[in-house]
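Novice: Have a peek at protein_18.txt (compact mmCIF, C-alpha atoms).
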# COMPACT_ATOMS: atom_id res chain seq x y z
CA GLN H 27 -22.88 4.91 -39.02
CA GLY H 28 -20.49 4.87 -41.97
CA GLU H 29 -17.66 2.93 -40.26
CA THR H 30 -16.81 -0.76 -40.27
CA LEU H 31 -17.61 -2.58 -37.03
CA HIS H 32 -15.42 -5.53 -36.06
CA VAL H 33 -17.11 -7.92 -33.65
CA CYS H 34 -15.48 -10.92 -31.98
CA GLN H 35 -17.82 -13.81 -31.21
CA HIS H 36 -17.30 -17.12 -29.43
CA LEU H 37 -19.56 -20.13 -29.43
CA PHE H 38 -20.78 -21.29 -26.03
CA GLY H 39 -23.06 -24.31 -26.08
CA GLY H 40 -23.90 -23.66 -29.73
CA GLU H 41 -24.80 -20.00 -29.04
CA ALA H 42 -22.69 -17.11 -30.32
CA LYS H 43 -21.64 -14.62 -27.63
CA GLU H 44 -19.98 -11.28 -28.29
CA GLU H 45 -16.65 -10.85 -26.52
CA GLY H 46 -15.47 -7.53 -27.84
CA ALA H 47 -16.00 -5.09 -30.69
CA TYR H 48 -14.00 -2.24 -32.19
CA ALA H 49 -14.09 0.38 -34.91
CA ILE H 50 -12.01 3.29 -36.15
CA VAL H 51 -13.85 6.62 -36.15
CA GLY H 52 -11.74 9.25 -37.91
CA GLU H 53 -8.42 9.08 -36.04
CA THR H 54 -9.91 7.42 -32.95
CA PHE H 55 -9.82 3.71 -32.14
CA VAL H 56 -12.95 2.70 -30.20
CA PHE H 57 -13.20 -0.59 -28.30
CA ALA H 58 -16.23 -1.88 -26.38
CA PRO H 59 -17.29 -5.16 -24.76
CA ASP H 60 -20.08 -5.69 -27.31
CA LYS H 61 -21.57 -4.28 -30.53
CA LYS H 62 -24.37 -2.35 -28.80
CA MET H 63 -21.97 -0.50 -26.50
CA LEU H 64 -19.64 0.16 -29.43
CA GLN H 65 -22.42 1.79 -31.45
CA LYS H 66 -23.46 3.89 -28.47
CA SER H 67 -19.88 5.04 -27.94
CA MET H 68 -19.42 5.88 -31.61
CA ALA H 69 -22.60 7.97 -31.64
CA ALA H 70 -21.50 9.86 -28.52
CA LEU H 71 -18.07 10.46 -30.05
CA LYS H 72 -19.56 12.00 -33.18
CA LYS H 73 -22.07 14.08 -31.25
CA GLY H 74 -19.47 15.47 -28.86
CA ALA H 75 -19.48 15.83 -25.08
CA GLY H 76 -22.86 16.59 -23.58
CA PRO H 77 -23.92 17.45 -20.01
CA THR H 78 -24.26 13.74 -19.15
CA SER H 79 -20.89 12.80 -20.64
CA LEU H 80 -18.19 11.48 -18.32
CA SER H 81 -15.87 14.17 -19.64
CA ALA H 82 -18.28 16.77 -18.23
CA SER H 83 -18.13 15.30 -14.71
CA ALA H 84 -16.31 17.10 -11.89
CA GLY H 85 -13.85 14.25 -11.37
CA PHE H 86 -12.84 14.08 -15.03
CA LYS H 87 -12.37 17.87 -15.16
CA LYS H 88 -10.19 17.73 -12.05
CA MET H 89 -8.06 15.06 -13.66
CA ARG H 90 -7.61 17.08 -16.86
CA ALA H 91 -6.65 20.14 -14.81
CA ARG H 92 -3.95 18.11 -13.06
CA THR H 93 -2.76 16.34 -16.21
CA PRO H 94 -3.05 18.78 -19.15
CA LYS H 95 -0.53 16.77 -21.18
CA SER H 96 -0.75 13.00 -21.24
CA ASP H 97 0.31 10.36 -23.71
CA VAL H 98 -1.75 7.74 -21.89
CA LEU H 99 -4.78 8.61 -19.77
CA VAL H 100 -7.10 6.26 -17.89
CA TYR H 101 -10.03 7.40 -15.74
CA ALA H 102 -12.35 5.23 -13.65
CA ASN H 103 -15.68 6.65 -12.49
CA LEU H 104 -16.01 4.83 -9.15
CA ALA H 105 -19.33 6.35 -8.00
CA PRO H 106 -21.70 4.06 -9.97
CA LEU H 107 -19.47 1.05 -9.24
CA PHE H 108 -19.70 1.47 -5.47
CA GLU H 109 -23.37 2.43 -5.67
CA GLY H 110 -24.07 -0.98 -7.19
CA LEU H 111 -21.79 -2.70 -4.67
CA ASN H 112 -23.59 -1.03 -1.75
CA LYS H 113 -26.94 -2.28 -3.06
CA LYS H 114 -25.52 -5.78 -3.38
CA ILE H 115 -24.19 -5.73 0.20
CA VAL H 116 -27.56 -4.57 1.59
CA ALA H 117 -29.42 -7.23 -0.40
CA GLU H 118 -27.14 -10.16 0.47
CA GLN H 119 -25.89 -9.47 4.01
CA GLU H 120 -28.35 -10.84 6.52
CA GLU H 121 -28.09 -9.87 10.18
CA ASN H 122 -26.03 -12.41 12.11
CA GLU H 123 -25.24 -13.14 15.75
CA MET H 124 -22.60 -10.37 15.75
CA GLY H 125 -25.28 -7.81 14.85
CA ILE H 126 -23.76 -7.22 11.41
CA THR H 127 -26.25 -5.96 8.83
CA GLY H 128 -25.87 -4.90 5.21
CA GLU H 129 -26.95 -1.35 6.06
CA GLY H 130 -24.39 -1.20 8.88
CA VAL H 131 -21.57 -2.42 6.64
CA VAL H 132 -22.45 0.13 3.93
CA LYS H 133 -22.61 2.98 6.43
CA ALA H 134 -19.32 2.00 8.09
CA LEU H 135 -17.32 1.52 4.90
CA ALA H 136 -18.78 4.65 3.24
CA LEU H 137 -17.46 3.52 -0.16
CA GLU H 138 -19.48 6.22 -1.91
CA ASN H 139 -16.80 8.70 -0.83
CA LEU H 140 -14.40 7.17 -3.36
CA GLN H 141 -15.45 9.16 -6.41
CA GLY H 142 -12.90 8.46 -9.12
CA ALA H 143 -9.37 7.27 -9.91
CA TYR H 144 -7.00 8.04 -12.74
CA LEU H 145 -3.66 7.15 -14.27
CA SER H 146 -1.69 9.50 -16.48
CA LEU H 147 1.55 8.71 -18.32
CA ASN H 148 3.65 11.32 -20.05
CA MET H 149 6.65 9.92 -21.96
CA GLY H 150 9.60 12.26 -22.38
CA ALA H 151 13.04 12.06 -23.93
CA ASP H 152 14.87 11.75 -20.60
CA ALA H 153 12.18 10.40 -18.27
CA ASP H 154 8.61 9.15 -18.12
CA GLU H 155 6.17 10.78 -15.68
CA LEU H 156 3.46 8.62 -14.11
CA ASP H 157 0.69 10.36 -12.17
CA LEU H 158 -1.85 8.40 -10.12
CA GLY H 159 -4.79 9.98 -8.34
CA LEU H 160 -7.87 9.15 -6.30
CA PHE H 161 -10.69 11.66 -5.79
CA VAL H 162 -12.33 11.50 -2.38
CA LYS H 163 -15.56 13.26 -1.46
CA GLU H 164 -15.13 12.97 2.31
CA PHE H 165 -12.48 11.20 4.39
CA ARG H 166 -14.83 8.85 6.20
CA GLY H 167 -14.97 5.05 6.42
CA VAL H 168 -12.51 3.32 4.09
CA ALA H 169 -11.50 6.69 2.60
CA LYS H 170 -10.27 7.79 6.03
CA LEU H 171 -7.70 4.98 5.91
CA LEU H 172 -6.16 6.81 2.95
CA ASP H 173 -6.00 10.17 4.70
CA SER H 174 -2.30 10.98 5.02
CA VAL H 175 -0.52 12.85 7.77
CA GLN H 176 0.10 16.44 6.71
CA GLY H 177 3.62 17.78 6.17
CA GLU H 178 6.69 16.83 4.19
CA CYS H 179 8.24 13.45 4.95
CA PRO H 180 11.98 13.74 5.61
CA ARG H 181 14.51 11.40 4.02
CA PRO H 182 17.04 10.64 6.79
CA ALA H 183 20.12 8.50 6.24
CA LEU H 184 18.38 5.27 7.25
CA VAL H 185 18.38 3.54 3.88
CA SER H 186 21.50 1.95 2.40
CA ALA H 187 22.49 2.88 -1.15
CA GLN H 188 22.36 -0.88 -1.92
CA ALA H 189 18.57 -1.01 -1.45
CA VAL H 190 16.47 -1.79 -4.55
CA GLN H 191 13.36 -0.07 -3.20
CA ALA H 192 12.86 2.65 -0.61
CA ASP H 193 9.62 4.35 0.45
CA ALA H 194 9.37 7.25 2.89
CA VAL H 195 5.85 8.07 4.06
CA LYS H 196 4.17 10.33 6.58
CA PHE H 197 2.06 7.67 8.25
CA SER H 198 0.49 7.38 11.69
CA VAL H 199 -0.13 3.86 13.00
CA PRO H 200 -2.13 5.18 15.99
CA ALA H 201 -4.41 7.17 13.63
CA LEU H 202 -4.83 4.11 11.40
CA TRP H 203 -5.80 1.99 14.40
CA GLU H 204 -8.37 4.56 15.54
CA THR H 205 -9.97 4.53 12.08
CA VAL H 206 -10.05 0.72 11.97
CA LYS H 207 -11.74 0.71 15.39
CA GLU H 208 -14.32 3.25 14.21
CA ILE H 209 -15.18 1.09 11.19
CA LEU H 210 -15.38 -2.15 13.18
CA LEU H 211 -17.51 -0.57 15.92
CA GLU H 212 -19.95 0.82 13.37
CA ILE H 213 -20.18 -2.56 11.64
CA SER H 214 -20.68 -4.42 14.92
CA PRO H 215 -20.68 -3.12 18.53
CA GLN H 216 -19.90 -6.70 19.57
CA MET H 217 -16.58 -6.46 17.73
CA GLY H 218 -15.76 -3.39 19.77
CA MET H 219 -16.47 -5.30 22.98
CA MET H 220 -14.20 -8.15 21.84
CA LEU H 221 -11.36 -5.70 21.10
CA GLN H 222 -11.81 -4.05 24.47
CA MET H 223 -11.78 -7.41 26.26
CA GLY H 224 -8.61 -8.41 24.41
CA THR H 225 -6.74 -5.26 25.40
CA MET H 226 -7.96 -5.60 29.00
CA GLN H 227 -6.66 -9.16 29.13
CA VAL H 228 -3.23 -8.02 27.92
CA LYS H 229 -3.21 -5.27 30.55
CA MET H 230 -4.06 -7.77 33.30
CA GLN H 231 -1.17 -10.02 32.27
CA THR H 232 1.47 -7.38 31.50
CA ASN H 233 0.18 -4.11 33.01
CA LEU H 234 0.41 -2.66 29.49
CA ASP H 235 -2.07 -0.39 27.78
CA LEU H 236 -1.55 -1.45 24.15
CA GLU H 237 -2.93 1.77 22.70
CA LYS H 238 -1.01 4.07 25.02
CA ASP H 239 2.20 2.16 25.71
CA ILE H 240 2.77 0.56 22.27
CA LEU H 241 0.81 2.33 19.51
CA GLY H 242 0.81 5.69 21.29
CA ARG H 243 4.61 5.78 21.34
CA LEU H 244 4.95 5.42 17.55
CA GLY H 245 5.56 8.57 15.52
CA ASP H 246 4.30 9.65 12.10
CA GLU H 247 7.12 8.53 9.81
CA LEU H 248 7.41 5.13 8.11
CA TYR H 249 10.20 3.87 5.88
CA VAL H 250 9.93 0.64 3.87
CA VAL H 251 13.09 -0.83 2.33
CA LYS H 252 13.67 -3.87 0.13
CA SER H 253 17.13 -5.25 -0.61
CA VAL H 254 18.88 -8.30 -2.02
CA PRO H 255 20.06 -10.76 0.70
CA PRO H 256 23.83 -11.33 1.00
CA GLY H 257 25.14 -13.96 -1.42
CA PHE H 258 22.23 -13.60 -3.85
CA ASP H 259 22.41 -12.37 -7.42
CA ALA H 260 20.14 -9.35 -7.97
CA GLY H 261 19.20 -10.79 -11.34
CA LYS H 262 18.03 -14.10 -9.88
CA VAL H 263 16.50 -13.26 -6.50
CA SER H 264 12.70 -13.42 -6.36
CA GLU H 265 10.38 -10.99 -4.61
CA GLU H 266 9.77 -13.57 -1.86
CA GLN H 267 13.51 -13.87 -1.20
CA MET H 268 14.05 -10.13 -0.77
CA ASP H 269 14.93 -8.73 2.63
CA GLN H 270 12.44 -6.16 3.95
CA LEU H 271 13.11 -3.45 6.52
CA LEU H 272 10.44 -1.31 8.19
CA VAL H 273 11.53 1.77 10.12
CA PHE H 274 9.08 3.59 12.41
CA SER H 275 9.76 6.93 14.05
CA VAL H 276 9.01 6.81 17.77
CA LYS H 277 8.17 9.43 20.38
CA ASP H 278 9.68 7.56 23.33
CA ALA H 279 12.19 4.90 22.31
CA GLN H 280 13.12 3.85 25.86
CA GLY H 281 9.49 3.56 26.93
CA LEU H 282 8.53 1.60 23.80
CA GLU H 283 11.48 -0.78 24.17
CA THR H 284 10.47 -1.50 27.77
CA ALA H 285 6.84 -2.05 26.70
CA VAL H 286 7.87 -4.45 23.92
CA GLU H 287 9.92 -6.50 26.41
CA SER H 288 6.88 -6.68 28.68
CA LEU H 289 4.70 -7.75 25.76
CA LYS H 290 7.12 -10.57 24.90
CA ALA H 291 6.43 -11.97 28.37
CA LEU H 292 3.08 -13.21 26.96
CA ALA H 293 5.08 -15.77 24.96
CA GLY H 294 6.15 -17.48 28.18
CA GLU H 295 8.84 -20.04 27.38
CA GLY H 296 8.63 -18.85 23.77
CA GLN H 297 10.81 -15.90 24.79
CA GLU H 298 13.76 -18.27 24.52
CA ALA H 299 13.31 -18.21 20.74
CA PHE H 300 14.54 -14.60 20.77
CA GLU H 301 18.27 -14.10 20.57
CA LYS H 302 19.91 -10.88 21.74
CA ARG H 303 23.07 -9.81 19.96
CA PRO H 304 24.99 -6.55 20.41
CA TYR H 305 25.78 -4.69 17.21
CA MET H 306 27.81 -1.49 17.40
CA ASP H 307 25.94 0.70 19.92
CA SER H 308 22.60 -1.15 19.51
CA THR H 309 21.11 -4.49 20.47
CA LEU H 310 19.56 -6.78 17.86
CA HIS H 311 16.60 -8.91 18.95
CA ILE H 312 16.34 -11.87 16.58
CA PHE H 313 13.58 -14.45 16.15
CA LYS H 314 13.97 -17.38 13.73
CA MET H 315 10.79 -18.05 11.76
CA PRO H 316 9.63 -21.64 11.08
CA ALA H 317 11.05 -22.94 7.79
CA ALA H 318 7.94 -24.90 6.73
CA GLY H 319 6.88 -23.97 3.20
CA ALA H 320 9.98 -21.88 2.56
CA GLU H 321 10.98 -21.41 -1.05
CA ALA H 322 13.86 -23.66 -2.19
CA GLY H 323 17.19 -21.88 -1.88
CA ALA H 324 15.71 -19.05 0.18
CA PRO H 325 17.86 -17.56 2.94
CA GLU H 326 16.97 -18.26 6.55
CA LYS H 327 13.96 -16.15 7.49
CA LEU H 328 14.46 -14.06 10.59
CA VAL H 329 12.38 -11.37 12.26
CA SER H 330 14.71 -8.95 14.00
CA TYR H 331 14.35 -5.53 15.55
CA ALA H 332 16.43 -2.85 17.20
CA PHE H 333 16.05 0.68 18.57
CA LYS H 334 18.35 3.51 17.53
CA ASP H 335 17.88 7.16 18.45
CA LYS H 336 14.19 7.97 17.70
CA TYR H 337 13.56 4.96 15.42
CA LEU H 338 12.38 1.37 15.67
CA PHE H 339 13.93 -0.89 13.01
CA LEU H 340 12.06 -4.09 12.10
CA SER H 341 13.66 -6.48 9.60
CA ILE H 342 12.06 -9.50 7.92
CA GLY H 343 14.53 -11.78 6.15
CA THR H 344 18.21 -11.65 7.09
CA THR H 345 19.65 -9.16 9.57
CA SER H 346 21.71 -7.53 6.79
CA PRO H 347 19.44 -4.49 6.11
CA LEU H 348 19.05 -3.89 9.85
CA GLU H 349 22.81 -3.93 10.36
CA ALA H 350 23.34 -1.71 7.31
CA ALA H 351 20.82 0.83 8.65
CA ILE H 352 22.53 0.99 12.05
CA ARG H 353 25.98 1.09 10.45
CA GLY H 354 25.04 3.94 8.12
CA PHE H 355 22.90 5.86 10.62
CA GLY H 356 23.56 9.58 10.35
CA LYS H 357 25.93 9.15 7.39
CA PRO H 358 24.17 10.68 4.34
CA ALA H 359 26.99 9.73 1.96
CA GLY H 360 26.01 6.07 2.15
CA SER H 361 22.26 6.63 1.78
CA ILE H 362 20.16 5.85 -1.28
CA TRP H 363 18.79 9.40 -1.18
CA GLU H 364 22.29 10.73 -1.93
CA LYS H 365 22.86 8.67 -5.08
CA SER H 366 23.36 11.03 -8.02
CA GLU H 367 20.56 9.54 -10.14
CA VAL H 368 18.11 9.64 -7.24
CA LYS H 369 18.95 13.25 -6.37
CA ALA H 370 18.57 14.21 -10.03
CA ALA H 371 15.15 12.55 -10.26
CA PHE H 372 13.87 14.08 -7.02
CA ALA H 373 15.09 17.52 -8.09
CA THR H 374 12.41 17.52 -10.79
CA LEU H 375 9.60 16.88 -8.30
CA PRO H 376 7.57 19.38 -6.27
CA THR H 377 8.74 19.94 -2.69
CA GLY H 378 6.63 19.26 0.37
CA ALA H 379 5.54 15.72 -0.58
CA SER H 380 4.22 13.56 2.27
CA ALA H 381 5.57 10.41 0.56
CA TRP H 382 8.63 9.56 -1.52
CA SER H 383 9.45 6.35 -3.35
CA CYS H 384 12.60 5.21 -5.08
CA ASN H 385 12.79 1.96 -7.08
CA ASP H 386 15.66 0.30 -8.90
CA VAL H 387 13.65 -0.64 -11.99
CA SER H 388 16.40 -2.81 -13.46
CA ALA H 389 16.59 -4.91 -10.27
CA ALA H 390 12.78 -5.23 -10.19
CA LEU H 391 12.68 -6.39 -13.81
CA ASN H 392 15.52 -8.85 -13.19
CA ALA H 393 13.60 -10.28 -10.23
CA ALA H 394 10.43 -10.58 -12.33
CA PHE H 395 12.23 -12.29 -15.22
CA GLY H 396 14.05 -14.53 -12.78
CA LYS H 397 10.72 -15.60 -11.31
CA MET H 398 9.35 -16.31 -14.78
CA ALA H 399 12.39 -18.43 -15.60
CA THR H 400 11.90 -20.62 -12.51
CA MET H 401 8.25 -21.22 -13.52
CA GLN H 402 9.19 -22.74 -16.86
Could you write out this file's structure as structure tokens?

Specialist:
Amino acid sequence: QGETLHVCQHLFGGEAKEEGAYAIVGETFVFAPDKKMLQKSMAALKKGAGPTSLSASAGFKKMRARTPKSDVLVYANLAPLFEGLNKKIVAEQEENEMGITGEGVVKALALENLQGAYLSLNMGADADELDLGLFVKEFRGVAKLLDSVQGECPRPALVSAQAVQADAVKFSVPALWETVKEILLEISPQMGMMLQMGTMQVKMQTNLDLEKDILGRLGDELYVVKSVPPGFDAGKVSEEQMDQLLVFSVKDAQGLETAVESLKALAGEGQEAFEKRPYMDSTLHIFKMPAAGAEAGAPEKLVSYAFKDKYLFLSIGTTSPLEAAIRGFGKPAGSIWEKSEVKAAFATLPTGASAWSCNDVSAALNAAFGKMATMQ
């Protein structure tokens, strides 16, 4: 075709196998897994986009409409991928004693609704903009798990300014559970019966309706926070050593707290493993996790929770982020959302987002490099 083709070959058992090929067509670098695909791509590039070209597809056009200017652009056409996966599931999944069939799994997961995904990166003088997207045909099956709660997610003063990562998301645990049940029931009615029997057993022992008394009392806001444990250097702490705090909004804090205490009764004598400790105007409930397999030098792993106003705080790691959240509750000045650099970054974003995320990139890179150093 007038250009030089560069083909990489490896010998396997005395037979040459192509492992990549590239060429430069005008000002375009073209890479393909083999020579045949490279030649096909080069021909299509010279001919221009036709009606069967990926660039002519609805998903690709949507992406270009959303990202008119991109320095780096990646698009994945998921439709043919999941079409092939569905065929594989039907062919290989034989009906078992749970009544699970390949056709049932395909229908329940409804993977064909995931049409395409893209990544766009625009590099500017002051900031880089990263845009990620997933095109969904219909929110059914697995795609329904991704369906977010509508409305803007608030950013209350729950997150300490010392956090290295903070996510605020409109998220409904009850809705997620309902979708999971739908999928499991469609895959296997027997699974549905097992779930029902399990919840009935809990109700017989505790008089609790798990869906109504526990899940039904959770709200539609979720906050996820990561922070460096006390006494650790941010440049040396690993991801596994980080403290993690989950904050759920609740509709009925008093009712949920009572229900959780009733649920703990299932542990019998194991309830003694929980320690209650007053902290300011709240009560911390602390459970020490087994230390087996813990990373060397890691802080003591605790699971602790507390209720405050209309929120349930759940901490994994030390109690430090839980205490910081209670200490700074209602005090915006000490929140990560009020840091000047965070406010400046968020000011450039559209309003009304159902999810916000803030990451201390330098701390994340230090943690990654620290992990690499320990592996050497």

Novice: So which residues touch range 35-49 of chain H within 8 Å, counting all atoms listed in the file, skipping near sequence neighbours fewer than 6 positions away, as a compact mmCIF listing (two decimals) with C-alpha atoms, in the frame of the given file?

Specialist:
# COMPACT_ATOMS: atom_id res chain seq x y z
CA GLU H 29 -17.66 2.93 -40.26
CA PHE H 55 -9.82 3.71 -32.14
CA VAL H 56 -12.95 2.70 -30.20
CA PHE H 57 -13.20 -0.59 -28.30
CA ALA H 58 -16.23 -1.88 -26.38
CA PRO H 59 -17.29 -5.16 -24.76
CA ASP H 60 -20.08 -5.69 -27.31
CA LYS H 61 -21.57 -4.28 -30.53
CA LEU H 64 -19.64 0.16 -29.43

Novice: Excluding range 134-140 of chain H and residues on its chain fewer than 3 positions from it, collect all residues at most 9 Å away from it, counting all atoms listed in the file, and give them as JSON, numbers by chain.

Specialist: {"H": [104, 105, 106, 107, 108, 109, 111, 112, 129, 130, 131, 143, 160, 161, 162, 163, 164, 165, 166, 167, 168, 169, 208, 209, 210, 211, 212, 213]}

Novice: Find the residue from H:Val286, H:Met220, H:Val228, H:Leu171 that sits nearest to Ile240 in chain H; use only C-alpha atoms when measuring.

Specialist: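 Looking only at the distances to Ile240 in chain H, the closest residue turns out to be H:Val286.
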
Novice: Mind pulling up the distance from CA of Lys72 in chain H to CA of Met89 in chain H?

Specialist: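 Separating CA of Met89 in chain H from CA of Lys72 in chain H is a distance of 22.9 Å.
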
Novice: Give me the range 193-225 of chain H side of the contact with range 382-386 of chain H, cut-off 7 Å, one line per residue showing its nearest atom pair and distance in Å at one decimal, counting all atoms listed in the file, sorted by chain and residue number, as JSON lines.

Specialist:
{"residue": "H:Asp193", "atom": "CA", "partner": "H:Ser383", "partner_atom": "CA", "distance": 4.3}
{"residue": "H:Ala194", "atom": "CA", "partner": "H:Trp382", "partner_atom": "CA", "distance": 5.0}
{"residue": "H:Val195", "atom": "CA", "partner": "H:Trp382", "partner_atom": "CA", "distance": 6.4}

Novice: If I take CA of Lys87 in chain H and CA of Glu155 in chain H, how far is one from the other in Å, to one decimal?

Specialist: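 Here the two named atoms are 19.9 Å from each other.
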
Novice: Can you work out which one of H:Gly28, H:Gln227, H:Phe86, H:Thr377 has the shortest atom-to-atom distance to Ala69 in chain H, counting only C-alpha atoms?

Specialist: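 Nearest to Ala69 in chain H: H:Gly28.
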
Novice: Give the padded box for range 92-108 of chain H as AutoDock Vina command-line options: axis-aligned, covering all atoms listed in the file, 5 Å on each side, centre and edge lengths in Å to one decimal.

Specialist:
--center_x -10.7 --center_y 9.9 --center_z -14.6 --size_x 32.0 --size_y 27.7 --size_z 28.2

Novice: As a count of residues only, please: the residues near Asp278 in chain H (cut-off 7 Å, only C-alpha atoms, same-chain neighbours under 3 positions excluded).

Specialist: 3

Novice: Kindly indicate which residue among H:Ala102, H:Val250, H:Val175, H:Met68 lies nearest to Ser198 in chain H, using only C-alpha atoms for the distances.

Specialist: H:Val175

Novice: List every residue of range 227-263 of chain H that has an atom at most 12 Å from any atom of range 359-373 of chain H, and for each one report the closest atom pair and its distance in Å to one decimal, counting all atoms listed in the file, with rows sorted by chain and then by increasing residue number, as a Markdown table.

Specialist:
| residue | atom | partner | partner_atom | distance |
| --- | --- | --- | --- | --- |
| H:Val251 | CA | H:Ile362 | CA | 10.4 |
| H:Lys252 | CA | H:Ile362 | CA | 11.8 |
| H:Ser253 | CA | H:Ile362 | CA | 11.5 |

Novice: What lies within 12 Å of Asp246 in chain H using only C-alpha atoms, ignoring chain neighbours under 2 positions off, as a ChimeraX atom specification?

Specialist: /H:174-180,194-202,241-244,248-249,273-277,336-337,380-381
